[in-house]
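Heads up, my_file-v4.csv below (CSV, C-alpha atoms):
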```
chain,number,residue,atom,x,y,z
A,518,MET,CA,0.0,0.0,0.0
A,519,THR,CA,2.7,2.5,0.9
A,520,ILE,CA,4.5,1.9,-2.4
A,521,LEU,CA,1.3,2.6,-4.3
A,522,PHE,CA,0.8,5.7,-2.2
A,523,GLN,CA,4.4,6.8,-3.0
A,524,LEU,CA,3.8,6.3,-6.7
A,525,PHE,CA,0.6,8.3,-6.5
A,526,THR,CA,2.1,11.2,-4.7
A,527,SER,CA,5.4,11.3,-6.7
A,528,PHE,CA,3.5,11.4,-10.0
A,529,PHE,CA,0.9,13.8,-8.6
A,530,GLN,CA,3.7,16.3,-8.0
A,531,ILE,CA,5.1,15.7,-11.4
A,532,GLY,CA,1.7,16.4,-12.9
A,533,LEU,CA,1.1,19.5,-10.8
A,534,PHE,CA,4.5,21.2,-11.4
A,535,SER,CA,5.2,20.4,-15.0
A,536,ILE,CA,3.9,23.4,-16.9
A,537,GLY,CA,4.5,23.6,-20.6
A,538,GLY,CA,4.4,20.1,-21.9
A,539,GLY,CA,6.7,17.1,-22.2
A,540,TYR,CA,10.1,18.4,-21.8
A,541,ALA,CA,9.2,20.5,-18.8
A,542,ALA,CA,8.3,17.3,-17.0
A,543,MET,CA,11.6,15.5,-17.7
A,544,PRO,CA,13.7,17.1,-14.9
A,545,LEU,CA,10.8,16.6,-12.4
A,546,ILE,CA,10.5,12.9,-13.4
A,547,GLN,CA,14.3,12.5,-13.1
A,548,ALA,CA,14.3,14.1,-9.6
A,549,GLN,CA,11.3,12.0,-8.3
A,550,THR,CA,12.3,8.6,-9.8
A,551,ILE,CA,16.0,8.7,-9.4
A,552,ASP,CA,17.0,11.1,-6.7
A,553,ILE,CA,14.1,11.1,-4.3
A,554,ARG,CA,12.7,7.5,-4.6
A,555,GLY,CA,15.5,5.6,-6.2
A,556,TRP,CA,13.1,3.6,-8.4
A,557,LEU,CA,15.3,4.0,-11.5
A,558,THR,CA,19.0,4.2,-12.3
A,559,LEU,CA,20.3,6.9,-14.6
A,560,ALA,CA,20.7,4.3,-17.4
A,561,GLU,CA,17.2,3.1,-17.0
A,562,PHE,CA,16.0,6.7,-17.1
A,563,ALA,CA,17.8,7.2,-20.4
A,564,ASP,CA,16.1,4.1,-21.7
A,565,LEU,CA,12.8,5.4,-20.5
A,566,VAL,CA,13.3,8.7,-22.5
A,567,THR,CA,14.1,6.7,-25.6
A,568,ILE,CA,11.1,4.5,-25.2
A,569,ALA,CA,8.9,7.6,-24.5
A,570,GLU,CA,10.1,9.2,-27.7
A,571,MET,CA,9.4,6.1,-29.7
A,572,THR,CA,5.9,5.4,-28.4
A,573,PRO,CA,2.8,7.5,-28.6
A,574,GLY,CA,1.6,9.6,-25.7
A,575,PRO,CA,2.8,12.2,-23.3
A,576,ILE,CA,6.2,11.5,-21.7
A,577,ALA,CA,4.9,12.0,-18.2
A,578,ILE,CA,2.2,9.3,-18.7
A,579,ASN,CA,4.7,7.0,-20.4
A,580,SER,CA,7.0,7.4,-17.4
A,581,ALA,CA,4.2,6.9,-14.9
A,582,THR,CA,3.3,3.6,-16.6
A,583,PHE,CA,6.9,2.4,-17.0
A,584,VAL,CA,7.9,3.2,-13.4
A,585,GLY,CA,4.6,1.9,-12.0
A,586,MET,CA,5.0,-1.4,-13.8
A,587,LYS,CA,8.6,-1.8,-12.7
A,588,VAL,CA,8.0,-0.9,-9.1
A,589,ALA,CA,4.6,-2.5,-8.4
A,590,GLY,CA,3.1,-4.2,-11.5
A,591,LEU,CA,-0.3,-3.3,-12.9
A,592,SER,CA,-1.6,-1.7,-9.7
A,593,GLY,CA,1.5,0.5,-9.7
A,594,VAL,CA,0.6,1.6,-13.3
A,595,VAL,CA,-2.8,2.6,-12.2
A,596,ALA,CA,-1.6,4.4,-9.0
A,597,ALA,CA,1.1,6.3,-10.8
A,598,THR,CA,-1.0,7.3,-13.8
A,599,LEU,CA,-3.9,8.3,-11.7
A,600,GLY,CA,-1.6,10.5,-9.6
A,601,ASN,CA,-0.1,12.0,-12.8
A,602,VAL,CA,-3.4,13.0,-14.5
A,603,LEU,CA,-5.4,14.1,-11.4
A,604,PRO,CA,-3.9,17.6,-11.2
A,605,SER,CA,-4.7,18.1,-15.0
A,606,CYS,CA,-8.2,16.9,-14.6
A,607,ILE,CA,-9.1,19.2,-11.7
A,608,ILE,CA,-7.3,22.3,-13.1
A,609,MET,CA,-8.5,21.9,-16.7
A,610,ILE,CA,-12.2,21.4,-15.6
A,611,ILE,CA,-12.0,24.6,-13.6
A,612,LEU,CA,-10.4,26.5,-16.5
A,613,ALA,CA,-12.8,25.0,-19.0
A,614,LYS,CA,-15.7,26.2,-16.9
A,615,LEU,CA,-14.2,29.7,-16.7
A,616,TYR,CA,-13.6,29.7,-20.5
A,617,GLU,CA,-17.1,28.7,-21.3
A,618,LYS,CA,-18.4,31.5,-19.0
A,619,TYR,CA,-16.1,34.4,-20.0
A,620,SER,CA,-14.7,33.7,-23.5
A,621,LYS,CA,-17.6,35.6,-25.2
A,622,GLN,CA,-17.1,38.8,-23.1
A,623,THR,CA,-15.7,41.6,-25.1
A,624,LEU,CA,-12.4,42.0,-23.2
A,625,MET,CA,-11.7,38.3,-22.9
A,626,LYS,CA,-12.6,37.8,-26.5
A,627,LYS,CA,-10.1,40.5,-27.6
A,628,ILE,CA,-7.4,39.2,-25.3
A,629,LEU,CA,-7.8,35.6,-26.7
A,630,GLU,CA,-7.8,37.0,-30.2
A,631,ASN,CA,-4.5,38.9,-29.6
A,632,VAL,CA,-2.8,35.8,-28.0
A,633,ARG,CA,-3.7,33.5,-30.9
A,634,PRO,CA,-0.8,34.4,-33.2
A,635,VAL,CA,1.6,33.2,-30.5
A,636,VAL,CA,0.0,29.7,-30.7
A,637,VAL,CA,0.7,29.7,-34.4
A,638,ALA,CA,4.4,30.7,-33.7
A,639,ALA,CA,4.7,27.9,-31.1
A,640,ILE,CA,3.2,25.2,-33.4
A,641,PHE,CA,5.4,26.4,-36.3
A,642,THR,CA,8.5,26.1,-34.0
A,643,ALA,CA,7.5,22.6,-33.0
A,644,GLY,CA,6.9,21.7,-36.6
A,645,LEU,CA,10.4,23.0,-37.7
A,646,SER,CA,12.2,21.0,-35.0
A,647,LEU,CA,10.3,17.9,-36.0
A,648,LEU,CA,11.3,18.5,-39.6
A,649,GLN,CA,14.9,18.9,-38.7
A,650,LEU,CA,14.8,15.7,-36.6
A,651,ALA,CA,13.3,13.9,-39.6
A,652,ILE,CA,15.5,15.0,-42.4
A,653,GLY,CA,18.8,15.6,-40.6
A,654,SER,CA,21.3,18.4,-40.8
A,655,VAL,CA,22.8,20.0,-44.0
A,656,ASP,CA,25.6,17.5,-44.4
A,657,THR,CA,23.6,14.4,-43.6
A,658,LEU,CA,20.4,15.1,-45.5
A,659,ASP,CA,18.0,12.1,-45.6
A,660,ILE,CA,16.6,12.1,-49.2
A,661,PHE,CA,14.0,9.5,-48.4
A,662,ALA,CA,12.7,11.5,-45.5
A,663,ILE,CA,12.6,14.7,-47.6
A,664,ILE,CA,10.6,12.9,-50.3
A,665,VAL,CA,8.1,11.5,-47.8
A,666,PHE,CA,7.8,14.9,-46.2
A,667,VAL,CA,7.0,16.7,-49.5
A,668,LEU,CA,4.5,14.0,-50.6
A,669,ALA,CA,2.8,14.1,-47.2
A,670,PHE,CA,2.6,17.9,-47.2
A,671,LEU,CA,1.2,18.0,-50.7
A,672,ALA,CA,-1.4,15.2,-49.8
A,673,LEU,CA,-2.5,17.2,-46.8
A,674,ASN,CA,-3.0,20.4,-48.7
A,675,SER,CA,-4.6,18.7,-51.7
A,676,LYS,CA,-8.3,19.4,-52.1
A,677,ARG,CA,-8.8,16.3,-54.3
A,678,ILE,CA,-7.1,13.7,-52.2
A,679,LYS,CA,-9.0,13.4,-48.9
A,680,ILE,CA,-6.5,11.5,-46.7
A,681,GLY,CA,-6.6,11.6,-42.9
A,682,PRO,CA,-3.4,12.1,-40.9
A,683,ILE,CA,-3.6,8.7,-39.2
A,684,ILE,CA,-3.8,6.9,-42.6
A,685,LEU,CA,-0.9,9.1,-43.8
A,686,LEU,CA,1.1,8.0,-40.7
A,687,ILE,CA,0.4,4.4,-41.5
A,688,VAL,CA,1.5,4.9,-45.1
A,689,GLY,CA,4.7,6.6,-43.8
A,690,ALA,CA,5.4,3.7,-41.5
A,691,LEU,CA,5.0,1.2,-44.4
A,692,ALA,CA,7.1,3.4,-46.7
A,693,GLY,CA,9.9,3.3,-44.0
A,694,ILE,CA,9.7,-0.5,-43.7
A,695,GLY,CA,9.6,-0.8,-47.5
A,696,TYR,CA,12.7,1.5,-47.9
A,697,ALA,CA,14.6,-0.5,-45.2
A,698,LEU,CA,13.7,-3.8,-47.0
A,699,ALA,CA,14.7,-2.5,-50.4
A,700,PHE,CA,18.1,-1.2,-49.2
A,701,GLY,CA,18.8,-4.1,-46.9
A,702,PHE,CA,18.7,-2.3,-43.6
A,703,VAL,CA,16.7,-5.0,-41.9
B,588,MET,CA,-24.0,33.7,-32.7
B,589,THR,CA,-21.2,36.0,-31.6
B,590,ARG,CA,-18.0,34.4,-32.5
B,591,SER,CA,-14.7,36.3,-32.7
B,592,LEU,CA,-14.0,36.8,-36.3
B,593,LEU,CA,-10.5,35.6,-36.7
B,594,VAL,CA,-11.5,33.7,-39.8
B,595,PRO,CA,-13.5,35.8,-42.3
B,596,ASP,CA,-16.9,34.3,-42.8
B,597,ALA,CA,-16.3,33.9,-46.5
B,598,GLU,CA,-13.4,31.5,-45.8
B,599,ARG,CA,-15.3,29.4,-43.3
B,600,THR,CA,-17.3,26.7,-44.9
B,601,THR,CA,-19.5,25.7,-41.9
B,602,LYS,CA,-19.7,26.9,-38.4
B,603,ALA,CA,-18.9,24.4,-35.7
B,604,VAL,CA,-21.9,22.5,-34.4
B,605,LYS,CA,-21.9,21.0,-31.0
B,606,PRO,CA,-23.0,17.4,-31.4
B,607,GLU,CA,-26.0,16.0,-29.4
B,608,VAL,CA,-24.8,14.3,-26.3
B,609,ASN,CA,-25.9,10.7,-26.1
B,610,PHE,CA,-24.3,7.3,-25.7
B,611,GLY,CA,-23.2,7.2,-29.3
B,612,PHE,CA,-21.5,10.5,-28.9
B,613,TYR,CA,-19.5,9.4,-25.9
B,614,LEU,CA,-18.4,6.3,-27.8
B,615,LYS,CA,-17.3,8.5,-30.7
B,616,LEU,CA,-15.5,11.0,-28.4
B,617,PHE,CA,-13.7,8.1,-26.7
B,618,TRP,CA,-12.8,6.5,-30.0
B,619,THR,CA,-11.6,9.8,-31.5
B,620,THR,CA,-9.4,10.7,-28.6
B,621,PHE,CA,-8.1,7.1,-28.3
B,622,THR,CA,-7.0,6.9,-31.9
B,623,LEU,CA,-5.6,10.4,-31.9
B,624,SER,CA,-3.5,9.5,-28.8
B,625,LEU,CA,-2.5,6.2,-30.3
B,626,PHE,CA,-0.9,7.9,-33.3
B,627,THR,CA,0.7,10.7,-31.5
B,628,PHE,CA,4.4,10.6,-30.7
B,629,GLY,CA,6.8,13.5,-30.7
B,630,GLY,CA,5.2,15.9,-28.2
B,631,GLY,CA,2.0,17.8,-27.4
B,632,PHE,CA,1.9,19.9,-30.5
B,633,VAL,CA,1.6,16.9,-32.7
B,634,ILE,CA,-1.6,15.8,-31.0
B,635,ILE,CA,-2.9,19.3,-31.2
B,636,SER,CA,-2.4,19.3,-34.9
B,637,LEU,CA,-4.1,15.9,-35.3
B,638,MET,CA,-6.9,17.1,-33.0
B,639,ARG,CA,-7.5,20.1,-35.2
B,640,LYS,CA,-7.7,18.0,-38.3
B,641,LYS,CA,-10.1,15.6,-36.7
B,642,MET,CA,-12.3,17.9,-34.5
B,643,VAL,CA,-12.3,21.1,-36.6
B,644,VAL,CA,-12.0,19.9,-40.1
B,645,THR,CA,-13.6,16.4,-40.2
B,646,LEU,CA,-16.1,16.3,-37.3
B,647,ASN,CA,-16.8,20.1,-37.2
B,648,TRP,CA,-17.3,19.9,-33.4
B,649,ILE,CA,-15.3,23.1,-32.6
B,650,ASP,CA,-13.9,25.9,-34.7
B,651,ASP,CA,-10.4,27.2,-35.3
B,652,GLU,CA,-10.6,30.0,-32.8
B,653,GLU,CA,-11.8,27.7,-30.0
B,654,MET,CA,-9.0,25.3,-30.9
B,655,MET,CA,-6.4,27.9,-30.6
B,656,ASP,CA,-7.8,29.1,-27.3
B,657,PHE,CA,-7.7,25.5,-26.0
B,658,VAL,CA,-4.1,25.2,-27.1
B,659,THR,CA,-3.2,28.4,-25.2
B,660,ILE,CA,-4.9,27.2,-22.0
B,661,ALA,CA,-3.6,23.7,-22.3
B,662,GLN,CA,-0.1,24.9,-22.9
B,663,SER,CA,-0.2,27.3,-19.9
B,664,SER,CA,-1.5,24.7,-17.4
B,665,PRO,CA,0.2,22.0,-15.5
B,666,GLY,CA,0.4,18.5,-17.0
B,667,PRO,CA,0.7,17.1,-20.5
B,668,ILE,CA,-0.6,19.3,-23.3
B,669,ALA,CA,-2.3,16.4,-25.1
B,670,LEU,CA,-4.2,15.5,-22.0
B,671,ASN,CA,-5.1,19.1,-21.2
B,672,GLY,CA,-6.3,19.7,-24.7
B,673,SER,CA,-8.5,16.6,-24.6
B,674,LEU,CA,-10.0,17.6,-21.3
B,675,MET,CA,-10.8,21.1,-22.6
B,676,VAL,CA,-12.4,19.8,-25.8
B,677,GLY,CA,-14.3,17.1,-23.9
B,678,TYR,CA,-15.6,19.7,-21.4
B,679,HIS,CA,-16.6,22.1,-24.2
B,680,LEU,CA,-18.6,19.4,-25.9
B,681,ALA,CA,-20.2,17.6,-23.0
B,682,ASN,CA,-19.2,19.0,-19.6
B,683,ILE,CA,-17.5,16.9,-16.9
B,684,PRO,CA,-18.4,13.5,-18.3
B,685,GLY,CA,-17.1,14.6,-21.7
B,686,ALA,CA,-13.9,15.8,-20.2
B,687,LEU,CA,-13.4,12.5,-18.3
B,688,ILE,CA,-14.1,10.4,-21.3
B,689,ALA,CA,-11.8,12.4,-23.6
B,690,GLY,CA,-9.1,12.3,-20.9
B,691,LEU,CA,-9.5,8.5,-20.5
B,692,GLY,CA,-9.3,8.0,-24.3
B,693,THR,CA,-6.1,10.0,-24.3
B,694,ILE,CA,-4.3,8.3,-21.5
B,695,LEU,CA,-5.2,4.7,-22.3
B,696,PRO,CA,-3.1,4.1,-25.4
B,697,PRO,CA,0.2,5.2,-23.7
B,698,MET,CA,-0.7,3.2,-20.6
B,699,ILE,CA,-1.4,0.0,-22.6
B,700,ILE,CA,1.6,0.4,-24.9
B,701,LEU,CA,4.1,1.2,-22.1
B,702,THR,CA,2.8,-1.7,-20.0
B,703,LEU,CA,3.6,-4.0,-22.9
B,704,VAL,CA,6.9,-2.3,-23.8
B,705,SER,CA,8.2,-2.4,-20.2
B,706,LEU,CA,7.7,-6.2,-20.2
B,707,GLY,CA,10.2,-6.5,-23.0
B,708,TYR,CA,11.8,-3.2,-23.7
B,709,GLU,CA,15.3,-4.6,-24.6
B,710,ALA,CA,13.7,-6.2,-27.7
B,711,VAL,CA,11.7,-3.1,-28.6
B,712,LYS,CA,14.6,-0.7,-28.2
B,713,SER,CA,16.7,-2.4,-30.8
B,714,ASN,CA,14.1,-3.7,-33.2
B,715,PRO,CA,15.0,-2.7,-36.8
B,716,TRP,CA,11.4,-3.0,-38.0
B,717,ILE,CA,10.2,-0.4,-35.5
B,718,ALA,CA,13.1,1.8,-36.3
B,719,ALA,CA,12.3,1.6,-40.0
B,720,ALA,CA,8.6,2.4,-39.4
B,721,PHE,CA,9.7,5.5,-37.4
B,722,HIS,CA,12.0,6.5,-40.1
B,723,GLY,CA,9.0,6.8,-42.4
B,724,MET,CA,6.6,8.3,-39.8
B,725,ARG,CA,8.8,11.2,-38.7
B,726,PRO,CA,8.6,13.2,-41.9
B,727,VAL,CA,4.9,12.7,-42.0
B,728,VAL,CA,4.5,14.1,-38.5
B,729,ALA,CA,6.5,17.1,-39.5
B,730,ALA,CA,4.3,17.6,-42.5
B,731,ILE,CA,1.1,17.4,-40.4
B,732,VAL,CA,2.3,20.0,-37.9
B,733,LEU,CA,3.6,22.4,-40.6
B,734,GLN,CA,0.4,22.0,-42.6
B,735,VAL,CA,-1.6,23.0,-39.5
B,736,THR,CA,0.6,26.0,-39.0
B,737,TRP,CA,-0.2,27.1,-42.6
B,738,ALA,CA,-3.9,26.6,-42.1
B,739,LEU,CA,-3.9,28.6,-38.8
B,740,LEU,CA,-1.6,31.3,-40.3
B,741,LYS,CA,-3.9,32.2,-43.2
B,742,PRO,CA,-6.7,33.7,-41.1
B,743,VAL,CA,-4.1,35.7,-39.0
B,744,LEU,CA,-2.7,37.2,-42.2
B,745,GLY,CA,-6.1,37.6,-43.8
B,746,LYS,CA,-7.2,40.0,-41.0
B,747,LYS,CA,-4.7,42.6,-42.3
B,748,LYS,CA,-3.9,43.9,-38.8
B,749,ILE,CA,-0.3,44.6,-38.2
B,750,ALA,CA,0.0,44.0,-34.4
B,751,PRO,CA,-0.8,40.2,-34.4
B,752,ILE,CA,1.7,39.7,-37.3
B,753,ILE,CA,4.4,41.5,-35.4
B,754,MET,CA,3.6,39.4,-32.3
B,755,LEU,CA,3.7,36.2,-34.3
B,756,VAL,CA,7.1,37.0,-35.9
B,757,LEU,CA,8.7,38.2,-32.6
B,758,ALA,CA,7.4,35.1,-30.8
B,759,PHE,CA,8.7,32.8,-33.5
B,760,ILE,CA,12.2,34.5,-33.4
B,761,ALA,CA,12.3,34.2,-29.6
B,762,LEU,CA,11.2,30.6,-29.6
B,763,TYR,CA,13.1,29.3,-32.6
B,764,PHE,CA,16.4,31.3,-32.7
B,765,PHE,CA,16.9,32.3,-29.1
B,766,LYS,CA,15.3,29.2,-27.5
B,767,VAL,CA,13.4,31.3,-25.0
B,768,ASN,CA,11.3,29.3,-22.6
B,769,ILE,CA,7.8,29.0,-24.1
B,770,MET,CA,6.1,29.8,-20.8
B,771,LEU,CA,8.0,33.1,-20.7
B,772,VAL,CA,7.0,33.9,-24.3
B,773,MET,CA,3.4,33.2,-23.6
B,774,ALA,CA,3.3,35.2,-20.4
B,775,ILE,CA,4.8,38.2,-22.2
B,776,CYS,CA,2.4,37.8,-25.1
B,777,VAL,CA,-0.6,37.5,-22.8
B,778,ALA,CA,0.5,40.8,-21.1
B,779,VAL,CA,0.8,42.5,-24.4
B,780,ALA,CA,-2.5,41.1,-25.5
B,781,VAL,CA,-4.2,42.5,-22.4
B,782,ILE,CA,-2.8,46.0,-23.1
B,783,LEU,CA,-3.6,45.9,-26.8
B,784,SER,CA,-7.2,44.7,-26.0
B,785,LEU,CA,-7.7,47.5,-23.4
B,786,VAL,CA,-6.5,50.1,-25.9
B,787,GLU,CA,-8.7,48.7,-28.6
B,788,ILE,CA,-11.8,48.8,-26.4
B,789,GLN,CA,-11.1,52.3,-25.2
B,790,LYS,CA,-10.7,53.5,-28.8
B,791,ALA,CA,-13.9,51.7,-29.8
B,792,GLY,CA,-15.6,53.4,-26.8
B,793,ARG,CA,-14.6,56.9,-27.9
B,794,GLY,CA,-15.4,56.3,-31.5
```
Would you write out, as structure tokens, the structure that this file holds?
Amino acid sequence: MTILFQLFTSFFQIGLFSIGGGYAAMPLIQAQTIDIRGWLTLAEFADLVTIAEMTPGPIAINSATFVGMKVAGLSGVVAATLGNVLPSCIIMIILAKLYEKYSKQTLMKKILENVRPVVVAAIFTAGLSLLQLAIGSVDTLDIFAIIVFVLAFLALNSKRIKIGPIILLIVGALAGIGYALAFGFV
Amino acid sequence: MTRSLLVPDAERTTKAVKPEVNFGFYLKLFWTTFTLSLFTFGGGFVIISLMRKKMVVTLNWIDDEEMMDFVTIAQSSPGPIALNGSLMVGYHLANIPGALIAGLGTILPPMIILTLVSLGYEAVKSNPWIAAAFHGMRPVVAAIVLQVTWALLKPVLGKKKIAPIIMLVLAFIALYFFKVNIMLVMAICVAVAVILSLVEIQKAGRG
């Protein structure tokens, strides 16, 4: 019971204090799981980060599941994840209530309207870093990745081809496997 | 309906329609967030991009302005952006049950996958098939996020107001070239937005 409670409180703190998405949570996860509780070694933490990047979902939830499983099995997964998402659930429901109530007021409407361009800038920045990660730097350009990127971008902008992003991701995965097979990487 | 007119009406094909809340809707909300989360790797903004495609373009449950507001709030609140965004959308569509179902749909895929992976992570870590699939998926993810940027940028430019464009450019320079913490950039922009809004309202009051 105590170990489940520890998992819950540790990940509750991670959820509560990581503002600004995945990479803001990393140092907190590191502090809680390695330094404070000693659930992971530094090498295991590095593996965890790799796995979290390779698998879908927020890194905090990935970590909660991974650490919970390692420390206390399935009940650990539930305790850690529940602790991790509870702060979000409470805070977001309060904020959503406030948003529904006040977003149509003139001042609030204007403020939100003036903040929106920043969201575009933030998404653009994230997109550029993802593109760099995909195609590599100038001297190690990945031609295959560039071709996939251009085709995917054109498909998404095309009015004639109606293709959803999830289908496109599956096509991308198959193309990656096909490419590896054709050039003998597997 | 009084909606902020970030998107000129001529460009908007249809206005968002809140769906009727019934059992079928909850199933659809759960399934939508579940599949979005299942295919989202590479950080919160990826799921936001997928969410926009699905909820704004395909399902027409919310509009672009609401989506951007949700992103702002999700980004400025504690916890994963993907989860916060789902909770906001879920609440908007169907109050607390909606938020909880959308949240559950979002956290289940990583829980299931990580449980399986942690059972045999040595094998997964070095699996060449998985690496090959990721090689093909990464450029697609980049394309999805950049295409969403383009879609959201058009209405901002179309409004022909200079202040938002300056804010956008400055925020981008700060984020991309100077790697300024996004929370700081957002805090400053909110402060600027408050001042701009007060000035605009005062002007409108006089005129």
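One distance worth recording is that between CA of Ile684 in chain A and CA of Ile663 in chain A, which is 18.8 Å.
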Residue neighbourhood range 593-607 of chain A, 7 Å, only C-alpha atoms, exclusion window fewer than 4 positions, as an MDAnalysis selection string: (chainID A and resid 521 524:526 528:529 531:533 578 581:582 585:586 588:589 611) or (chainID B and resid 665:666 671 674)
Point (-5.5, 6.4, -28.1) neighbourhood (6 Å, all atoms listed in the file) written as a tab-separated table (two decimals) with C-alpha atoms, keeping the file's coordinate frame:
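Produced file point29.tsv, reproduced below:
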```
chain	number	residue	atom	x	y	z
B	620	THR	CA	-9.40	10.70	-28.60
B	621	PHE	CA	-8.10	7.10	-28.30
B	622	THR	CA	-7.00	6.90	-31.90
B	623	LEU	CA	-5.60	10.40	-31.90
B	624	SER	CA	-3.50	9.50	-28.80
B	625	LEU	CA	-2.50	6.20	-30.30
B	692	GLY	CA	-9.30	8.00	-24.30
B	693	THR	CA	-6.10	10.00	-24.30
B	696	PRO	CA	-3.10	4.10	-25.40
```
Under the rule of at most 12 Å, produce a per-residue listing of range 594-657 of chain A near range 772-775 of chain B: chain, number, name, the closest pair of atoms, and the distance in Å, as a tab-separated table, using only C-alpha atoms.
```
residue	atom	partner	partner_atom	distance
A:Leu629	CA	B:Met773	CA	11.9
A:Asn631	CA	B:Met773	CA	11.4
A:Val632	CA	B:Met773	CA	8.0
A:Arg633	CA	B:Met773	CA	10.2
A:Pro634	CA	B:Met773	CA	10.5
A:Val635	CA	B:Met773	CA	7.1
A:Val636	CA	B:Met773	CA	8.6
A:Val637	CA	B:Met773	CA	11.7
A:Ala638	CA	B:Val772	CA	10.3
A:Ala639	CA	B:Met773	CA	9.3
```
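Note that CA of Ala669 in chain B and CA of Gly723 in chain B are 22.8 Å apart.
Interatomic distance, CA of Trp737 in chain B against CA of Ala651 in chain A: 19.1 Å.
Using all atoms listed in the file, the protein and nucleic acid residues lying no more than 12 Å from Gln789 in chain B, apart from those fewer than 5 places from it along its own chain, are A:Thr623, A:Leu624, B:Ile782, B:Leu783, B:Ser784, B:Gly794.
Residues with any atom within 9 Å of range 560-563 of chain A, counting only C-alpha atoms and excluding same-chain neighbours fewer than 4 positions away, are Gln547, Thr550, Ile551, Thr567 and Ile568 of chain A.
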Spatial neighbours of Ile664 in chain A, 12 Å, all atoms listed in the file, chain gap at least 6 places, as a PyMOL selection string: (chain A and resi 651-652+658+670-671+689+692-693+696) or (chain B and resi 723+725-727+730)
Among the residues B:Lys741, B:Pro684, B:Ala689, B:Pro667, the one that comes closest to chain A [using all atoms listed in the file]: B:Pro667
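Between chain A and the residues B:Leu695, B:Ala719, B:Leu703, B:Met642, the shortest atom-to-atom distance, using all atoms listed in the file, involves B:Ala719.
In terms of minimum interatomic distance to chain B, A:Pro573 ranks closest within A:Ser675, A:Gly681, A:Gly555, A:Pro573, counting only C-alpha atoms.
Proximity of B:Lys641, B:Lys615, B:Lys605, B:Lys790 to chain A, computed with all atoms listed in the file, is greatest for B:Lys641.
You can rank A:Lys614, A:Met543, A:Val665, A:Gln523 by their closest distance to Asn579 in chain A using only C-alpha atoms, and at the top of that list sits A:Met543.
You can rank B:Thr627, B:Ile635, B:Ile749, B:Val704 by their closest distance to chain A using all atoms listed in the file, and at the top of that list sits B:Thr627.
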